[in-house]
Structures are given as structure tokens and as C-alpha cells.
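Structure file input12.txt (compact mmCIF, C-alpha atoms) is printed below.
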```txt
# COMPACT_ATOMS: atom_id res chain seq x y z
CA MET A 23 -3.16 19.77 -20.96
CA ASP A 24 -6.13 20.23 -23.21
CA PHE A 25 -6.23 24.00 -23.30
CA VAL A 26 -5.70 25.96 -26.48
CA TRP A 27 -3.47 29.01 -26.50
CA ASP A 28 -5.29 31.61 -28.56
CA MET A 29 -2.80 34.06 -30.00
CA SER A 30 -5.44 36.23 -31.71
CA VAL A 31 -6.86 37.31 -28.32
CA ILE A 32 -3.50 38.78 -27.41
CA GLU A 33 -3.28 40.62 -30.72
CA LYS A 34 -6.72 42.09 -30.16
CA SER A 35 -5.81 43.06 -26.58
CA ILE A 36 -2.56 44.86 -27.30
CA PRO A 37 -4.05 48.28 -28.19
CA VAL A 38 -6.17 48.28 -25.02
CA LEU A 39 -3.24 47.18 -22.88
CA LEU A 40 -1.08 49.90 -24.41
CA ARG A 41 -3.61 52.48 -23.26
CA GLY A 42 -3.17 50.96 -19.79
CA VAL A 43 0.60 51.25 -20.14
CA ALA A 44 0.22 54.97 -20.84
CA LEU A 45 -1.76 55.54 -17.63
CA THR A 46 0.57 53.35 -15.56
CA PHE A 47 3.47 55.39 -16.86
CA GLU A 48 1.63 58.63 -16.09
CA LEU A 49 0.93 57.52 -12.51
CA TRP A 50 4.55 56.58 -12.04
CA ILE A 51 6.11 59.66 -13.61
CA ILE A 52 3.98 61.98 -11.44
CA ALA A 53 3.99 60.02 -8.19
CA PHE A 54 7.71 59.26 -8.06
CA PRO A 55 9.12 62.83 -8.14
CA LEU A 56 6.39 64.04 -5.78
CA GLY A 57 7.10 61.18 -3.40
CA LEU A 58 10.80 62.00 -3.50
CA LEU A 59 10.16 65.67 -2.84
CA ILE A 60 7.79 65.11 0.09
CA GLY A 61 10.10 62.40 1.40
CA PHE A 62 13.03 64.79 1.33
CA LEU A 63 11.12 67.50 3.22
CA LEU A 64 9.88 65.01 5.80
CA SER A 65 13.37 63.60 6.29
CA LEU A 66 14.50 67.06 7.38
CA GLY A 67 11.74 66.94 9.97
CA ARG A 68 12.81 63.43 10.87
CA VAL A 69 16.40 64.48 11.65
CA ALA A 70 15.26 67.65 13.46
CA ARG A 71 15.84 67.76 17.20
CA THR A 72 12.57 69.55 17.94
CA PRO A 73 10.08 66.95 19.21
CA TRP A 74 6.98 68.67 17.82
CA ILE A 75 8.48 68.45 14.33
CA ASN A 76 10.12 65.08 14.77
CA TYR A 77 7.23 63.07 16.29
CA PRO A 78 4.57 63.86 13.67
CA CYS A 79 7.09 62.86 10.98
CA ILE A 80 7.77 59.56 12.76
CA ALA A 81 4.04 58.90 13.05
CA TYR A 82 3.51 59.66 9.36
CA VAL A 83 6.28 57.33 8.24
CA GLU A 84 5.23 54.51 10.56
CA VAL A 85 1.55 54.68 9.57
CA PHE A 86 2.33 54.44 5.86
CA ARG A 87 4.94 51.73 6.28
CA ASN A 88 2.92 49.55 8.64
CA THR A 89 -0.35 49.38 6.73
CA PRO A 90 -0.99 47.66 3.38
CA VAL A 91 -0.85 49.98 0.36
CA LEU A 92 -4.16 48.61 -0.86
CA ILE A 93 -5.84 49.81 2.34
CA GLN A 94 -4.27 53.23 1.85
CA LEU A 95 -5.64 53.50 -1.70
CA ILE A 96 -9.08 52.33 -0.60
CA TRP A 97 -9.00 54.71 2.33
CA PHE A 98 -8.18 57.68 0.10
CA TYR A 99 -10.93 56.75 -2.33
CA TYR A 100 -13.77 55.77 0.01
CA ALA A 101 -13.00 57.29 3.41
CA PHE A 102 -11.05 60.49 2.81
CA PRO A 103 -13.79 62.20 0.69
CA ILE A 104 -16.04 62.10 3.77
CA ILE A 105 -13.59 64.26 5.72
CA LEU A 106 -12.97 66.34 2.63
CA GLY A 107 -16.63 66.84 1.76
CA THR A 108 -16.15 66.21 -1.98
CA GLN A 109 -15.78 63.09 -4.07
CA LEU A 110 -12.32 62.28 -5.43
CA SER A 111 -11.82 60.72 -8.84
CA PRO A 112 -10.21 57.25 -8.77
CA VAL A 113 -7.06 58.61 -10.40
CA THR A 114 -6.71 61.41 -7.83
CA ALA A 115 -7.29 59.08 -4.87
CA CYS A 116 -4.87 56.54 -6.31
CA MET A 117 -2.28 59.23 -6.97
CA MET A 118 -2.56 60.51 -3.40
CA GLY A 119 -2.08 57.04 -1.98
CA LEU A 120 0.90 56.35 -4.24
CA VAL A 121 2.60 59.67 -3.54
CA LEU A 122 2.18 59.55 0.22
CA ASN A 123 3.15 55.90 0.48
CA THR A 124 6.29 56.45 -1.61
CA SER A 125 7.16 59.57 0.36
CA ALA A 126 7.15 57.64 3.65
CA TYR A 127 9.70 55.15 2.32
CA CYS A 128 11.77 57.93 0.71
CA THR A 129 11.86 59.75 4.05
CA GLU A 130 13.67 56.82 5.59
CA ILE A 131 16.14 56.60 2.70
CA PHE A 132 16.97 60.30 2.96
CA ARG A 133 17.15 60.12 6.73
CA SER A 134 19.59 57.21 6.87
CA GLY A 135 21.66 58.93 4.17
CA ILE A 136 21.81 62.21 6.06
CA LEU A 137 22.56 60.48 9.36
CA SER A 138 25.39 58.47 7.81
CA ILE A 139 27.44 61.66 7.58
CA GLY A 140 29.30 62.47 10.80
CA ARG A 141 28.28 65.43 12.95
CA GLY A 142 31.72 66.91 12.41
CA GLN A 143 30.76 67.81 8.85
CA TRP A 144 27.76 69.80 10.06
CA GLU A 145 29.91 71.55 12.63
CA GLY A 146 32.59 72.26 10.05
CA GLY A 147 30.01 73.80 7.75
CA LYS A 148 28.69 75.97 10.53
CA ALA A 149 32.20 76.96 11.58
CA ILE A 150 32.96 78.45 8.18
CA GLY A 151 29.70 80.39 8.32
CA MET A 152 27.44 78.20 6.17
CA SER A 153 23.72 78.19 6.86
CA TYR A 154 21.79 74.96 7.44
CA ALA A 155 20.52 74.91 3.86
CA THR A 156 23.95 75.58 2.37
CA THR A 157 25.61 72.88 4.48
CA LEU A 158 22.93 70.40 3.46
CA HIS A 159 23.10 71.31 -0.21
CA ARG A 160 26.86 71.77 -0.60
CA ILE A 161 28.32 69.31 1.91
CA ILE A 162 25.95 66.62 3.09
CA LEU A 163 23.82 65.71 0.05
CA PRO A 164 26.65 65.44 -2.52
CA GLN A 165 28.34 62.85 -0.32
CA VAL A 166 25.29 60.67 0.27
CA PHE A 167 23.63 61.04 -3.12
CA LYS A 168 25.51 58.11 -4.67
CA GLN A 169 24.97 55.71 -1.82
CA MET A 170 21.24 56.46 -1.79
CA LEU A 171 20.80 55.80 -5.52
CA PRO A 172 20.22 52.02 -5.35
CA ALA A 173 17.61 52.50 -2.60
CA PHE A 174 15.79 55.06 -4.73
CA THR A 175 15.80 52.89 -7.84
CA ASN A 176 14.36 50.07 -5.73
CA ARG A 177 11.65 52.44 -4.54
CA GLY A 178 10.90 53.36 -8.14
CA ILE A 179 10.50 49.68 -8.97
CA GLU A 180 8.23 49.11 -5.97
CA LEU A 181 6.13 52.09 -7.02
CA ALA A 182 5.79 50.74 -10.56
CA LYS A 183 4.44 47.51 -9.09
CA VAL A 184 2.12 49.28 -6.67
CA THR A 185 0.45 51.29 -9.48
CA SER A 186 -1.24 47.99 -10.41
CA LEU A 187 -3.40 48.27 -7.28
CA GLY A 188 -5.10 51.25 -8.92
CA SER A 189 -7.15 48.62 -10.77
CA VAL A 190 -9.08 48.01 -7.54
CA LEU A 191 -10.32 51.63 -7.67
CA ALA A 192 -11.09 51.27 -11.41
CA VAL A 193 -8.10 53.35 -12.42
CA GLN A 194 -7.64 52.25 -16.00
CA GLU A 195 -4.02 51.18 -15.89
CA ILE A 196 -2.57 47.92 -17.24
CA MET A 197 -4.03 45.59 -14.63
CA TYR A 198 -7.48 47.12 -14.90
CA GLN A 199 -7.44 46.75 -18.68
CA GLY A 200 -6.30 43.16 -18.22
CA ARG A 201 -9.23 42.39 -15.92
CA LEU A 202 -11.61 44.04 -18.36
CA LEU A 203 -10.22 42.10 -21.33
CA SER A 204 -10.27 38.85 -19.40
CA ASN A 205 -13.95 39.36 -18.66
CA ALA A 206 -14.70 40.37 -22.23
CA TYR A 207 -12.96 37.46 -23.99
CA TYR A 208 -13.13 34.76 -21.29
CA ARG A 209 -9.44 34.09 -21.94
CA PRO A 210 -7.80 34.76 -18.54
CA LEU A 211 -4.79 32.57 -19.31
CA GLU A 212 -3.68 34.50 -22.39
CA ILE A 213 -4.61 37.91 -21.00
CA PHE A 214 -3.06 37.65 -17.52
CA THR A 215 0.07 36.03 -18.91
CA THR A 216 0.39 38.93 -21.35
CA VAL A 217 -0.20 41.42 -18.52
CA ALA A 218 2.56 39.78 -16.49
CA VAL A 219 4.91 39.91 -19.47
CA VAL A 220 4.08 43.58 -20.10
CA TYR A 221 4.90 44.47 -16.49
CA PHE A 222 8.10 42.44 -16.63
CA VAL A 223 9.24 44.20 -19.80
CA LEU A 224 8.50 47.59 -18.24
CA ILE A 225 10.08 46.95 -14.84
CA TYR A 226 13.03 44.67 -15.63
CA PRO A 227 15.24 47.41 -17.16
CA GLY A 228 14.87 49.37 -13.92
CA SER A 229 15.87 46.50 -11.69
CA TYR A 230 18.73 45.58 -14.03
CA LEU A 231 19.97 49.16 -13.77
CA SER A 232 19.60 49.05 -10.00
CA SER A 233 21.62 45.85 -9.59
CA ARG A 234 24.32 47.24 -11.90
CA LEU A 235 24.45 50.41 -9.81
CA GLU A 236 24.63 48.45 -6.59
CA ARG A 237 27.47 46.31 -7.87
CA ARG A 238 29.39 49.29 -9.17
CA LEU A 239 29.03 51.36 -6.02
CA GLY A 240 29.85 48.31 -3.90
CA MET A 241 33.11 47.79 -5.75
CA ARG A 242 34.27 51.35 -5.29
CA ASP A 243 34.07 51.36 -1.49
CA MET F 27 -16.20 69.53 8.78
CA GLN F 28 -19.43 68.71 10.59
CA TYR F 29 -18.91 64.98 10.44
CA HIS F 30 -20.10 62.85 13.34
CA TRP F 31 -17.84 59.90 13.88
CA ASP F 32 -19.73 56.77 14.76
CA PHE F 33 -17.62 53.77 15.63
CA GLY F 34 -20.67 52.05 17.12
CA ALA F 35 -21.57 50.74 13.68
CA VAL F 36 -18.14 49.16 13.39
CA TRP F 37 -18.29 47.73 16.91
CA LEU F 38 -21.61 46.09 16.05
CA HIS F 39 -19.85 44.00 13.41
CA LYS F 40 -16.74 43.23 15.42
CA THR F 41 -17.09 39.45 14.99
CA MET F 42 -16.95 39.87 11.19
CA LEU F 43 -13.78 41.90 11.46
CA LEU F 44 -12.30 39.43 13.92
CA ALA F 45 -13.02 36.60 11.48
CA GLY F 46 -11.22 38.65 8.84
CA LEU F 47 -8.22 39.19 11.09
CA ILE F 48 -8.02 35.45 11.69
CA GLY F 49 -8.33 34.86 7.95
CA THR F 50 -5.47 37.26 7.30
CA PHE F 51 -3.19 35.57 9.83
CA ARG F 52 -4.10 32.10 8.63
CA LEU F 53 -3.17 33.06 5.09
CA ALA F 54 0.04 34.75 6.22
CA VAL F 55 1.27 31.91 8.45
CA VAL F 56 0.62 29.18 5.89
CA SER F 57 2.20 31.24 3.10
CA ILE F 58 5.28 32.07 5.17
CA ALA F 59 5.79 28.40 6.04
CA LEU F 60 5.42 27.27 2.42
CA GLY F 61 7.43 30.27 1.23
CA VAL F 62 10.37 29.17 3.39
CA VAL F 63 10.28 25.72 1.79
CA VAL F 64 10.15 27.23 -1.73
CA GLY F 65 12.88 29.68 -0.74
CA ILE F 66 15.25 26.94 0.48
CA PHE F 67 14.92 25.02 -2.78
CA VAL F 68 15.30 28.09 -4.97
CA ALA F 69 18.30 29.29 -2.95
CA MET F 70 19.94 25.88 -3.24
CA ALA F 71 19.33 25.88 -6.99
CA ARG F 72 20.71 29.40 -7.34
CA LEU F 73 23.86 28.52 -5.39
CA SER F 74 24.38 25.41 -7.45
CA SER F 75 27.26 25.39 -9.92
CA HIS F 76 25.09 23.61 -12.51
CA ARG F 77 23.78 26.12 -15.00
CA TRP F 78 20.61 24.18 -15.73
CA LEU F 79 19.73 24.50 -12.03
CA SER F 80 20.88 28.02 -11.26
CA SER F 81 19.57 29.83 -14.31
CA PRO F 82 15.88 28.75 -14.02
CA ALA F 83 16.08 29.69 -10.33
CA THR F 84 17.47 33.10 -11.26
CA TRP F 85 14.62 33.66 -13.72
CA PHE F 86 12.12 32.53 -11.13
CA THR F 87 13.27 35.22 -8.69
CA GLU F 88 13.62 37.84 -11.42
CA PHE F 89 10.08 37.18 -12.59
CA TYR F 90 8.63 37.66 -9.12
CA ARG F 91 10.74 40.71 -8.39
CA ASN F 92 9.65 42.46 -11.57
CA THR F 93 5.91 41.82 -11.70
CA PRO F 94 3.22 43.17 -9.34
CA PRO F 95 1.77 40.76 -6.77
CA ILE F 96 -1.80 41.43 -7.87
CA VAL F 97 -0.97 39.91 -11.26
CA HIS F 98 0.19 36.74 -9.51
CA PHE F 99 -3.06 36.53 -7.55
CA PHE F 100 -5.14 36.86 -10.69
CA TRP F 101 -2.96 34.54 -12.69
CA PHE F 102 -3.13 31.75 -10.14
CA PHE F 103 -6.84 32.20 -9.57
CA TYR F 104 -8.04 32.55 -13.16
CA ALA F 105 -5.28 31.19 -15.40
CA LEU F 106 -3.67 28.31 -13.49
CA PRO F 107 -6.91 26.29 -13.31
CA ILE F 108 -7.01 26.35 -17.13
CA VAL F 109 -3.41 25.21 -17.54
CA ALA F 110 -3.51 22.58 -14.81
CA ASN F 111 -7.15 21.60 -15.36
CA ILE F 112 -7.99 21.93 -11.68
CA SER F 113 -10.27 24.19 -9.70
CA LEU F 114 -8.83 26.45 -7.04
CA ASP F 115 -10.68 28.31 -4.32
CA PRO F 116 -9.52 31.86 -3.53
CA TYR F 117 -7.69 30.69 -0.41
CA TRP F 118 -5.42 28.26 -2.24
CA ALA F 119 -4.88 30.62 -5.16
CA ALA F 120 -3.75 33.24 -2.64
CA VAL F 121 -1.55 30.73 -0.81
CA ILE F 122 0.16 29.71 -4.05
CA ALA F 123 0.62 33.33 -5.15
CA LEU F 124 1.99 34.43 -1.78
CA SER F 125 4.21 31.44 -1.09
CA THR F 126 5.85 31.41 -4.52
CA GLN F 127 6.33 35.15 -4.41
CA SER F 128 7.75 35.17 -0.90
CA GLY F 129 9.75 32.05 -1.79
CA ALA F 130 11.49 34.06 -4.48
CA PHE F 131 12.34 36.79 -1.99
CA TYR F 132 13.29 34.39 0.82
CA ALA F 133 15.63 32.64 -1.60
CA GLU F 134 17.47 35.94 -2.02
CA VAL F 135 17.65 36.33 1.76
CA PHE F 136 19.03 32.81 2.25
CA ARG F 137 21.46 33.12 -0.64
CA GLY F 138 22.69 36.50 0.58
CA GLY F 139 23.22 35.12 4.09
CA ILE F 140 25.18 32.10 2.89
CA ARG F 141 27.29 34.11 0.47
CA SER F 142 28.12 36.66 3.16
CA ILE F 143 30.24 34.05 4.96
CA GLU F 144 33.85 34.43 3.82
CA ARG F 145 35.45 31.78 1.62
CA GLY F 146 38.09 31.17 4.29
CA GLN F 147 35.48 29.42 6.43
CA TRP F 148 34.75 26.94 3.63
CA GLU F 149 38.42 26.36 3.01
CA GLY F 150 39.21 25.94 6.70
CA ALA F 151 36.43 23.40 7.17
CA ARG F 152 37.51 21.51 4.07
CA ALA F 153 41.09 21.52 5.31
CA ILE F 154 40.11 19.69 8.50
CA GLY F 155 38.32 17.08 6.41
CA MET F 156 34.66 18.15 6.58
CA LYS F 157 32.26 17.26 3.76
CA TYR F 158 29.82 19.68 2.10
CA PRO F 159 26.73 18.84 4.23
CA GLN F 160 28.82 19.04 7.39
CA ILE F 161 30.35 22.38 6.43
CA MET F 162 26.91 23.71 5.62
CA THR F 163 25.16 22.60 8.82
CA ARG F 164 28.02 23.02 11.29
CA ILE F 165 29.95 26.03 10.02
CA ILE F 166 28.09 28.12 7.46
CA LEU F 167 24.40 27.99 8.44
CA PRO F 168 24.85 28.74 12.17
CA GLN F 169 26.66 31.95 11.23
CA ALA F 170 24.54 32.83 8.22
CA THR F 171 21.21 32.30 9.99
CA ARG F 172 21.92 35.12 12.38
CA ARG F 173 22.48 37.48 9.47
CA MET F 174 19.30 36.31 7.75
CA VAL F 175 16.95 37.10 10.64
CA GLY F 176 16.56 40.82 9.91
CA PRO F 177 15.77 40.65 6.18
CA PHE F 178 13.66 37.52 6.74
CA VAL F 179 11.43 39.31 9.24
CA GLU F 180 11.17 42.33 6.97
CA ARG F 181 10.04 40.13 4.07
CA SER F 182 7.49 38.38 6.26
CA PHE F 183 5.99 41.72 7.25
CA GLU F 184 5.77 42.61 3.56
CA LEU F 185 3.96 39.35 3.01
CA LEU F 186 1.49 40.09 5.78
CA LYS F 187 0.67 43.38 4.09
CA THR F 188 0.39 41.69 0.70
CA THR F 189 -2.24 39.26 2.03
CA SER F 190 -4.69 42.17 1.73
CA LEU F 191 -4.67 41.59 -2.06
CA ALA F 192 -6.46 38.28 -1.48
CA SER F 193 -9.56 40.39 -0.89
CA THR F 194 -9.67 41.05 -4.66
CA LEU F 195 -10.29 37.30 -5.11
CA ALA F 196 -13.09 37.48 -2.49
CA TYR F 197 -11.08 35.61 0.13
CA ALA F 198 -12.44 36.62 3.54
CA ASP F 199 -9.38 38.41 4.89
CA LEU F 200 -9.49 41.53 7.03
CA LEU F 201 -9.88 43.91 4.09
CA TYR F 202 -12.60 41.84 2.43
CA GLN F 203 -14.54 41.65 5.69
CA ALA F 204 -14.15 45.41 6.02
CA MET F 205 -15.70 45.85 2.59
CA GLN F 206 -18.62 43.69 3.72
CA VAL F 207 -19.06 45.69 6.92
CA ASN F 208 -18.87 48.87 4.87
CA SER F 209 -21.66 47.74 2.57
CA LEU F 210 -23.79 46.96 5.63
CA THR F 211 -23.14 50.16 7.53
CA PHE F 212 -22.21 52.77 4.87
CA ARG F 213 -19.53 54.05 7.21
CA PRO F 214 -16.38 53.83 5.06
CA LEU F 215 -14.42 56.35 7.09
CA GLU F 216 -14.83 54.49 10.37
CA VAL F 217 -14.57 51.01 8.86
CA TYR F 218 -11.44 51.56 6.77
CA SER F 219 -9.74 53.62 9.47
CA THR F 220 -10.39 50.83 11.97
CA VAL F 221 -9.01 48.22 9.62
CA ALA F 222 -5.92 50.29 8.87
CA PHE F 223 -5.46 50.66 12.62
CA LEU F 224 -5.78 46.88 13.11
CA TYR F 225 -3.07 46.22 10.52
CA PHE F 226 -0.92 48.93 12.05
CA VAL F 227 -1.23 47.55 15.57
CA SER F 228 -0.59 43.97 14.45
CA LEU F 229 2.54 44.90 12.55
CA LEU F 230 3.83 47.20 15.25
CA THR F 231 3.31 44.61 17.99
CA MET F 232 5.09 42.00 15.93
CA SER F 233 8.03 44.22 15.13
CA MET F 234 8.32 45.01 18.82
CA LEU F 235 8.30 41.28 19.66
CA VAL F 236 10.95 40.69 17.02
CA ARG F 237 13.11 43.44 18.47
CA ILE F 238 12.87 41.87 21.93
CA GLY F 239 13.71 38.48 20.42
CA GLU F 240 16.73 39.92 18.65
CA HIS F 241 18.00 41.42 21.90
CA ARG F 242 17.72 38.03 23.58
CA LEU F 243 19.50 36.40 20.66
CA ALA F 244 22.29 38.95 20.81
CA ARG F 245 22.74 38.36 24.53
CA TYR F 246 23.21 34.61 24.20
CA ALA F 247 25.38 34.81 21.12
```
Would you kindly transcribe this structure into C-alpha cells?
Amino acid sequence: MDFVWDMSVIEKSIPVLLRGVALTFELWIIAFPLGLLIGFLLSLGRVARTPWINYPCIAYVEVFRNTPVLIQLIWFYYAFPIILGTQLSPVTACMMGLVLNTSAYCTEIFRSGILSIGRGQWEGGKAIGMSYATTLHRIILPQVFKQMLPAFTNRGIELAKVTSLGSVLAVQEIMYQGRLLSNAYYRPLEIFTTVAVVYFVLIYPGSYLSSRLERRLGMRD
Amino acid sequence: MQYHWDFGAVWLHKTMLLAGLIGTFRLAVVSIALGVVVGIFVAMARLSSHRWLSSPATWFTEFYRNTPPIVHFFWFFYALPIVANISLDPYWAAVIALSTQSGAFYAEVFRGGIRSIERGQWEGARAIGMKYPQIMTRIILPQATRRMVGPFVERSFELLKTTSLASTLAYADLLYQAMQVNSLTFRPLEVYSTVAFLYFVSLLTMSMLVRIGEHRLARYA
């Protein structure tokens, strides 16, 4: 144990890491709501009885859930522009990967929530003259919203962790700044430990909240 | 969209990709095996009534649940050698990162399985004079194992996807080999699509095998 822990490197790194925190937060705050929204729309397709709506939704979900996220990000940055015909910025490509990946998982959460409500409720809604949208909005979603909450907070936590892969595309979030600093100061021990601590401090409140929620909802049933 | 797909370039380098696929599976299998060992110890520590055993184990799992895997890869590759005064090649750094991380998650799976068995079973076994190891191996584990299979498999699939991060340490896994093929052929669309497809097919085949296995298990149970 003859290494020296150099505190001054960490002090010098903090401003740079904070800039990374800002971008990580930005990625998260944009990708999460978009992922939820797309996931919700796709889940409607997923519970639809029409095969030509249902099957493409299944394929979408399965592709994003059965391939590594890193491949998805790399694909959107290096491969997708060729189909598109224009170059994408690292942040855009990363954002697309994050949004679509999150949406695939959210689809499944919404779907299992919607399916957990008995068919009788749908029929009841229809019987009193409610449209599909009204039944969904007034009857189905209010009942499943609470039970889906822990799954969504877990997704939010996963997403926060996945943003770190943006560093591979040179998206300047926390991990990227950490790699840069580590190369600049030759102090990987101090820098990567600090990076890990920063992530922990950012993510832990979320997972604490999620476990509290889970416990509370579990007790009520 | 006048793009001419050319998978010939990818086919030309099929042995490189195959080597990568083998590298990915080698990393995954070794990490799962070691992860199970780590998981058993951490789960035992967490279930222990001694605080000095259970609380470090709790922090171990919390740390891994709340920090991104890529940070673990970089920490073990660049920082651990400084602390431990050893040199690590990318393969072993990846194995340590993956097996400790999956160990933390497996521990939760094992603990959840054991705790899902009602207290009455413990009390009944104790009442007929069984000791702790006997109760565990004869009564609790046979029942709990069946409940662990699902989450265990899910975690292992996550691990297989996470192995792709080893490419950032220049370990020759499937993704890293794809990057090499890409730099030889300048065909990112074909190369990365092929690799995504290979991951997809591997994971889908395995989940199908698991489903068949579960059916068999259910029939004999």
C-alpha cells in the first residue's frame, strides 16, 4: 500500500465534473419523459388486438430489450446517419438511444399495468357509453398508476446509470469528464473514485425513494 | 435513400466476429460463475443477524445498484492496480467488475428467495428438531431455489449485455471486434447491425431455452 491519495486533484476536478453533472442531468430530464411518453403510446399498440399494430410493437420492444444499450448508442451514432444521410451530433445520437431504449422498457411496464385490470372494467366503461380514451384515462390508468410507480422509479434509476455510456460517444457527461481528467492528471484512483461517489450521491436518493414506495405500496395491499 | 447494403464486407471478416462472440461468452460464463459465489456470500452476510456482517453487505449491494457499470470497469482497470499494486489485463478487470456487480444483484435474488419462504416453515422444522444447516438445505433452499430461477436468469441476461462494456477497456469481445471490423471495412451500418443481430439472436435463443427448461421443471415439480 504505497500509493498516495492526492486530495488536491479532486479539488481541481470538481468544477469539471460539475459541468458533467449538468449534462448528465440534462440527458436524464429530457430522455425520461420522452421515453415514458413513447412507451405509453407503444403500450397501447401492444395491447391492441390488431396484428399489424401489435407485432411491430412487439418487435420494437424485443429488439431494444435484447441488445446491449451500448450497441444501440453506437448504432445511432455511427450507423444510423448512413440511412439518414446526415451526421448526428454525439448528444443527439445518445439522446435517441436513451429515449428509445427507455421507451421499450416503459412499454412493458404500461402494458402489464393495463393488462392487470380485468376486462370487465373495459366492458363496464363501454356499457355506460365511454370511449376508449375516456375509459383508459378515467378508469384504467388511475387504478394502475400507483402499482406502476416503483417500476418507473427503477427505470429512472437505470436510465441515470445508462447516461454514463454517452462517454463512449464523447458526450461530455460525468463519466467522459472523469476519463478526460484521469488522462490529464494521471490520477485514475482519485478521479474514478470521485466519479463513482458523484454517481452514488446523484442516484441513491432515487433508489431510496423507490424502495420506500415499494414498501409502502406493499403494505397497503 | 440510395444506399447499397453490402454485407459481403462483414462476411469477409466473419472469423473476427466469431472470435468476439466467443470472447463475449467466455467473459459472461466466468463472470456468472464467480458472481454466484460472491452473491452467496453477500446474501449470507445480509441475512445474518450480526450487524457488522449485514451492514457492510448492504452497502456493497447499494453501491453497485447506484453506480453505473462503466465506472466499475474503469475503476477496476485503472484504479485497482494502484491500490493493490498489481497489474490487471482488460479481461480480469472486466471479470472482477462483472462478477462483483452481478454478485451484488444475485445476492438480492438469493436473499429475496429465502425470505419469501414463510416463517412457519422455519418454526416447523425447528419443532421437529432440525438444526440451521439442515433446515436450510432440506426445507428452505429446495423451495426458494424454484422462486429464484426467474430473477436469476433475468440478471444473467443483463450481465451478458453488460459484457459489451468490456470493449471500452479494449477486451476483444463482440463489440470490440465489430469496431475493428468497422475500421477495416468502413461499413458501420452493416457491421453494427450484424452485431446487434448476433446479440439479439443469442439472447432470444437463450430465453427460449430457459422457457423450455422452466416448463420441464414445472412438470416434474
How big is the axis-aligned box, and where does its centre sit, when it encloses all atoms of stretch 214-217 of chain F listed in the file and has 4 Å added on every side, reported in Å to one decimal as JSON?
```
{"center_x": -15.4, "center_y": 53.7, "center_z": 7.7, "size_x": 10.0, "size_y": 13.3, "size_z": 13.3}
```
Exercise. Pull out every residue of chain F sitting within 8 Å of chain A, counting only C-alpha atoms, and send them as a PyMOL selection string.
Key: chain F and resi 27+29+89+92-98+100-101+104-106+108-111+187-188+190-191+194+201+214-216+218-219+222-223+225-226+229-230
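Taking atom CA of A:Leu137 and atom CA of F:Arg91 as endpoints, the distance between them is 29.1 Å.
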Quiz item: If I put a ball of radius 9 Å at (2.6, 55.5, -2.4) in the file's coordinates, which residues poke into it when counting all atoms listed in the file, written as a ChimeraX atom specification?
Solution: /A:53-54,57,86,91,94-95,116-127,181,184-185
Practice problem: Take atom CA of A:Ile162 and atom CA of A:Gly135 and report the distance between them in Å, one decimal. | Solution: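 Between these atoms lies a distance of 8.9 Å.
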File output for stretch 153-195 of chain F (C-alpha atoms) as a short mmCIF file (atom, residue, chain, number, x, y, z; two decimals), in the first residue's frame:
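The file below, result.cif, is the result:
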```cif
data_model
loop_
_atom_site.label_atom_id
_atom_site.label_comp_id
_atom_site.auth_asym_id
_atom_site.auth_seq_id
_atom_site.Cartn_x
_atom_site.Cartn_y
_atom_site.Cartn_z
CA ALA F 153 -40.03 -28.05 16.17
CA ILE F 154 -39.12 -31.48 14.78
CA GLY F 155 -35.54 -30.96 15.94
CA MET F 156 -33.73 -29.83 12.79
CA LYS F 157 -30.62 -27.64 13.03
CA TYR F 158 -29.99 -24.49 10.97
CA PRO F 159 -27.91 -26.13 8.17
CA GLN F 160 -30.45 -28.93 7.88
CA ILE F 161 -33.41 -26.54 7.73
CA MET F 162 -31.61 -24.51 5.09
CA THR F 163 -30.62 -27.40 2.81
CA ARG F 164 -33.64 -29.65 3.30
CA ILE F 165 -36.56 -27.28 3.76
CA ILE F 166 -35.84 -23.70 2.72
CA LEU F 167 -33.46 -23.90 -0.26
CA PRO F 168 -35.39 -26.55 -2.25
CA GLN F 169 -38.45 -24.30 -2.15
CA ALA F 170 -36.63 -21.00 -2.51
CA THR F 171 -34.49 -22.12 -5.45
CA ARG F 172 -37.52 -22.57 -7.63
CA ARG F 173 -38.57 -18.99 -6.94
CA MET F 174 -35.07 -17.71 -7.66
CA VAL F 175 -34.81 -19.16 -11.17
CA GLY F 176 -36.72 -16.38 -12.96
CA PRO F 177 -34.94 -13.35 -11.49
CA PHE F 178 -31.60 -15.19 -11.66
CA VAL F 179 -31.95 -15.78 -15.38
CA GLU F 180 -33.04 -12.19 -15.94
CA ARG F 181 -29.95 -10.91 -14.11
CA SER F 182 -27.69 -13.21 -16.11
CA PHE F 183 -29.10 -11.83 -19.35
CA GLU F 184 -28.41 -8.33 -18.06
CA LEU F 185 -24.87 -9.42 -17.37
CA LEU F 186 -24.45 -10.77 -20.87
CA LYS F 187 -25.49 -7.40 -22.24
CA THR F 188 -23.19 -5.58 -19.83
CA THR F 189 -20.17 -7.57 -21.10
CA SER F 190 -20.25 -5.23 -24.11
CA LEU F 191 -18.75 -2.52 -21.86
CA ALA F 192 -15.53 -4.54 -21.71
CA SER F 193 -14.90 -3.27 -25.23
CA THR F 194 -14.11 0.16 -23.70
CA LEU F 195 -11.11 -1.49 -22.00
#
```
